[in-house]
Amino acid sequence: MELMKNIGLLTEYGIAKGLIEPEDRNYTINRLLDVFGLSAYDPTPASARGSEAERSDAQANCPEARPAPPVLQTGEGGSAATTPAASAPAGPDLAGLLSRLCDEAYKRGLIPENSVTFRDLFDTRLMGILTPRPSLVQKQFRRLYVQSPKLATDGFYRFCQDTNYIRADRIARDLKWTVDSDYGKIDITINLSKPEKDPRAIAAARSGEQGADRLASLSPGSFASCQDSSPDRLADCLKGSHAGCPEGSHANLAGTSPDDRIVYPRCQLCMENEGYAGRPDHPARQNLRIIPLELQGERWGFQYSPYVYYNEHCIVLNGCHVPMKIDRGTFRKLFDFLRQFPHYFIGSNANLPIVGGSILTHDHFQGGRYTFAMERAEPEETFSVPGYEEVSAAILHWPLSVIRLRHSDPDRLTDLADHILCAWRNYTDETAGIFAETDGEPHNTITPIARRRGGDYELDLALRNNITTAERPLGLFHPRPEYHHIKKENIGLIEVMGLAVLPSRLKREMELLAECLTRGGDPAEHPSLTKHARWASELRDRYAVIDETNVRKILQEEIGRVFVGVLEDAGVFRCTEEGRRAFRRFIAAL
């Protein structure tokens, strides 16, 4: 039967990718059978049973009789890290295979609704059976790290794709392009890979056993610094993730919901997500694996984002459920990470609402291997800070207000960054609309991004302010209302660096708008296009000819133009002569 065939194919996929060994074949098949409520396995089609010749063919298909497919020689826990990707067998189309298995599960009543939410919960359960245990994955990572940090992350990144934690088929649907601007090439993406929240699933979860309100989704033990790999050191690093956590911060002892039900995991960044089966309101994570890290003596974890907004998009998360914070320790941890992974950049969202990320309740960083437009930006003017003259400092030519520091000694960079942070937190310039606090509420903070630049360390400090006004209730330094038809969400770390992550609704809206612009239609007649009507009118005035040959290019360019304006709005010191004078006043205050 088809189900038996697909169970066999999924098992062979796991062997081909080095997730399981050939010796695990029967064990894995039996675990998959159990998920489907089956007690026997016969991959032979019913039509092939009967004749002696056909039984002989069936015998050839028996796992014990047929030769095993090529297996990646990756060592214990195999993560395909030591074999070039090109040598891996192509195997079945994983997305299609999992889709067929989910179809069968729905027919059998194993999935209550044929929706993305419930199908994801089920296919992640299947992939969890193929995914090696955390201890094996960590051991393989350490083994490769001894050869080079890059080899270790290359292997782990590929492993996360092979386990379908990173759903490559969905990420391939994302729309991506670049636009030229006064600040260089800006990246634009319309995110189609992150599933929309299913209202029915949310309602089902609220009526379930763990129906507490949840934090917004990510959009977003300890492996030592790897310089000391002694057994005692590694054993200490791999102890439970809660050692040293503030009292009450343990995710597995999270507080209770209003109806006294335990909230577990406490958020999507907690270490307890590793292997979690998920619920309709919380994604399954049976195929998630986290590499323990140590940053400044604290236990942290290293994983990749399942949505991969850019190459090797990783998340570095605190082993304890503690709020986001930006302080001297933050800079030290960023540099500690770079010492361990010099081929990556690393940054942190700001720690205040409006200018922060989607999850402020769990301290974390984001990094990866990608060159953003902000990294390519040139200094606009240089300056020096008394007492730190040896540290290179400059105002960056960038829409946000960014100070770039550079030096070979990360400790000196930390000293100056902390000095700038303290000065900025207490800085008020009423003529520029900047207030350090109002009614005791702090407004000034920083979005820091660190990287290696040859033998030096480089640190970009984006100055942020989250003050609101009657005219701008979402934030004075937030996208203005006329940009909300494209981007209304907070400007977080990824956008700060010059990559727009735009909502999936824009794909269909831009298709409809293209039809209106080329056929003379009125956007106001389409409910989903009403918000774009004024913008469409401006485009018609700006372009003499809009037709089938250029409409999509025009829309891409104009979306990029809006996003650049969004970034300029987030700058606390405007990109004008008056704004630069205000910026220099702050520099003088240092």
# chains A, B, ... in the order shown; residues from 1 in each chain; ligands from 1

$ residues_around --residues "segment 126-132 of chain A" --least-positions-apart "6" --cutoff "8 Å" --atoms "only C-alpha atoms" --output "number ranges by chain"
A: 11, 14, 19-20, 28, 31-32, 35, 77, 163-164, 275, 285-287

$ write_last_selection --atoms "all heavy atoms" --output "CSV table (one decimal), in the first residue's frame"
chain,number,residue,atom,x,y,z
A,11,THR,N,12.1,6.5,5.8
A,11,THR,CA,13.2,5.8,6.5
A,11,THR,C,14.5,5.8,5.7
A,11,THR,O,15.6,6.1,6.2
A,11,THR,CB,12.9,4.3,6.8
A,11,THR,OG1,11.7,4.3,7.6
A,11,THR,CG2,14.0,3.6,7.6
A,14,GLY,N,16.2,9.2,5.8
A,14,GLY,CA,16.9,9.4,7.0
A,14,GLY,C,18.3,8.7,7.0
A,14,GLY,O,19.3,9.3,7.4
A,19,LEU,N,21.0,10.8,9.2
A,19,LEU,CA,20.3,11.1,10.4
A,19,LEU,C,20.2,9.8,11.2
A,19,LEU,O,20.2,9.9,12.5
A,19,LEU,CB,18.9,11.6,10.1
A,19,LEU,CG,18.8,12.9,9.3
A,19,LEU,CD1,17.4,13.3,8.9
A,19,LEU,CD2,19.5,14.0,10.0
A,20,ILE,N,20.0,8.7,10.6
A,20,ILE,CA,20.0,7.4,11.2
A,20,ILE,C,21.0,6.5,10.5
A,20,ILE,O,21.4,6.8,9.3
A,20,ILE,CB,18.6,6.8,11.3
A,20,ILE,CG1,18.0,6.6,9.8
A,20,ILE,CG2,17.6,7.6,12.1
A,20,ILE,CD1,16.7,5.9,9.8
A,28,THR,N,13.3,2.2,13.1
A,28,THR,CA,12.6,3.5,12.6
A,28,THR,C,11.3,3.2,12.0
A,28,THR,O,10.3,3.8,12.2
A,28,THR,CB,13.6,4.2,11.7
A,28,THR,OG1,14.8,4.5,12.3
A,28,THR,CG2,12.9,5.5,11.2
A,31,ARG,N,8.7,2.5,14.6
A,31,ARG,CA,8.3,3.7,15.3
A,31,ARG,C,7.3,4.5,14.4
A,31,ARG,O,6.3,5.1,14.9
A,31,ARG,CB,9.5,4.6,15.7
A,31,ARG,CG,10.4,4.0,16.8
A,31,ARG,CD,11.3,5.0,17.3
A,31,ARG,NE,10.6,6.1,18.0
A,31,ARG,CZ,11.2,7.3,18.3
A,31,ARG,NH1,12.5,7.5,18.1
A,31,ARG,NH2,10.5,8.2,18.9
A,32,LEU,N,7.6,4.6,13.1
A,32,LEU,CA,6.7,5.2,12.2
A,32,LEU,C,5.3,4.5,12.1
A,32,LEU,O,4.3,5.1,12.0
A,32,LEU,CB,7.3,5.4,10.8
A,32,LEU,CG,8.5,6.3,10.8
A,32,LEU,CD1,9.2,6.2,9.4
A,32,LEU,CD2,8.1,7.8,11.0
A,35,VAL,N,3.1,5.4,15.0
A,35,VAL,CA,2.5,6.7,14.8
A,35,VAL,C,1.1,6.6,14.0
A,35,VAL,O,0.1,7.3,14.4
A,35,VAL,CB,3.4,7.7,14.1
A,35,VAL,CG1,2.6,9.0,13.8
A,35,VAL,CG2,4.6,8.1,15.0
A,77,GLY,N,25.9,10.1,15.2
A,77,GLY,CA,24.9,11.1,15.2
A,77,GLY,C,24.8,11.8,13.9
A,77,GLY,O,23.9,12.6,13.7
A,163,THR,N,16.7,17.7,8.6
A,163,THR,CA,15.7,17.3,9.6
A,163,THR,C,14.4,18.0,9.3
A,163,THR,O,13.4,17.8,10.0
A,163,THR,CB,16.1,17.6,11.0
A,163,THR,OG1,16.3,19.0,11.2
A,163,THR,CG2,17.4,16.8,11.3
A,164,ASN,N,14.4,19.0,8.4
A,164,ASN,CA,13.2,19.8,8.0
A,164,ASN,C,12.8,20.8,9.1
A,164,ASN,O,11.7,21.3,9.1
A,164,ASN,CB,12.0,18.9,7.7
A,164,ASN,CG,11.0,19.5,6.8
A,164,ASN,OD1,11.4,20.1,5.8
A,164,ASN,ND2,9.7,19.4,7.0
A,275,GLY,N,12.7,19.2,21.3
A,275,GLY,CA,12.0,18.0,21.4
A,275,GLY,C,10.5,18.1,21.7
A,275,GLY,O,9.8,17.1,21.8
A,285,ARG,N,8.5,21.0,18.0
A,285,ARG,CA,9.9,21.2,17.9
A,285,ARG,C,10.7,19.9,18.2
A,285,ARG,O,11.8,19.8,18.7
A,285,ARG,CB,10.4,22.2,19.0
A,285,ARG,CG,10.0,23.7,18.6
A,285,ARG,CD,10.7,24.2,17.4
A,285,ARG,NE,10.4,25.6,17.1
A,285,ARG,CZ,9.7,25.9,16.0
A,285,ARG,NH1,9.1,25.0,15.2
A,285,ARG,NH2,9.5,27.2,15.8
A,286,GLN,N,10.1,18.7,17.8
A,286,GLN,CA,10.7,17.5,18.0
A,286,GLN,C,12.0,17.4,17.2
A,286,GLN,O,12.9,16.6,17.5
A,286,GLN,CB,9.8,16.3,17.5
A,286,GLN,CG,8.7,16.0,18.5
A,286,GLN,CD,7.4,16.5,17.9
A,286,GLN,OE1,7.3,17.5,17.3
A,286,GLN,NE2,6.3,15.7,18.1
A,287,ASN,N,12.1,18.2,16.1
A,287,ASN,CA,13.4,18.1,15.3
A,287,ASN,C,14.3,19.3,15.5
A,287,ASN,O,15.2,19.6,14.8
A,287,ASN,CB,13.0,18.1,13.8
A,287,ASN,CG,12.1,19.2,13.3
A,287,ASN,OD1,11.6,20.0,14.2
A,287,ASN,ND2,11.8,19.3,12.0

$ residues_around --residues "segment 542-559 of chain A" --least-positions-apart "6" --cutoff "8 Å" --atoms "only C-alpha atoms" --output "list in words"
Trp177, Val179, Ile486, Met510, Ala514, Leu517 and Thr518 of chain A

$ atom_distance --atom1 "atom CA of Gly278 of chain A" --atom2 "atom CA of Asp123 of chain A"
11.5 Å

$ select_by_dssp --residues "segment 368-531 of chain A" --states "strand (DSSP E)" --output "VMD selection string"
chain A and resid 368 379 to 383 392 to 396 402 to 407 437 to 438 441 to 442 444 to 453 456 to 465 499 to 502

$ residues_around --residues "Leu529 of chain A" --least-positions-apart "3" --cutoff "12 Å" --atoms "only C-alpha atoms" --output "number ranges by chain"
A: 485-486, 505-517, 521-526, 532-536

$ residues_around --residues "segment 577-585 of chain A" --least-positions-apart "6" --cutoff "9 Å" --atoms "only C-alpha atoms" --output "ChimeraX atom specification"
/A:395,401,429,431-432

$ residues_around --residues "Ser99 of chain A" --least-positions-apart "4" --cutoff "10 Å" --atoms "only C-alpha atoms" --output "list in words"
Asp93, Leu94, Ala95, Asp103, Glu104, Ala105, Arg119, Asp120 and Asp123 of chain A

$ select_by_dssp --residues "segment 392-548 of chain A" --states "alpha helix (DSSP H)" --output "PyMOL selection string"
chain A and resi 410-425+493-496+505-519+533-542

$ atom_distance --atom1 "atom CA of Met4 of chain A" --atom2 "atom CA of Leu98 of chain A"
13.1 Å

$ atom_distance --atom1 "atom CA of Val391 of chain A" --atom2 "atom CA of Ile326 of chain A"
21.1 Å

$ closest_residue --among "A:Lys17, A:His321, A:Lys5, A:Arg339" --to "Arg158 of chain A" --atoms "only C-alpha atoms"
A:Lys17

$ closest_residue --among "A:Arg369, A:Ile434, A:Met271, A:Arg540" --to "Thr469 of chain A" --atoms "only C-alpha atoms"
A:Ile434
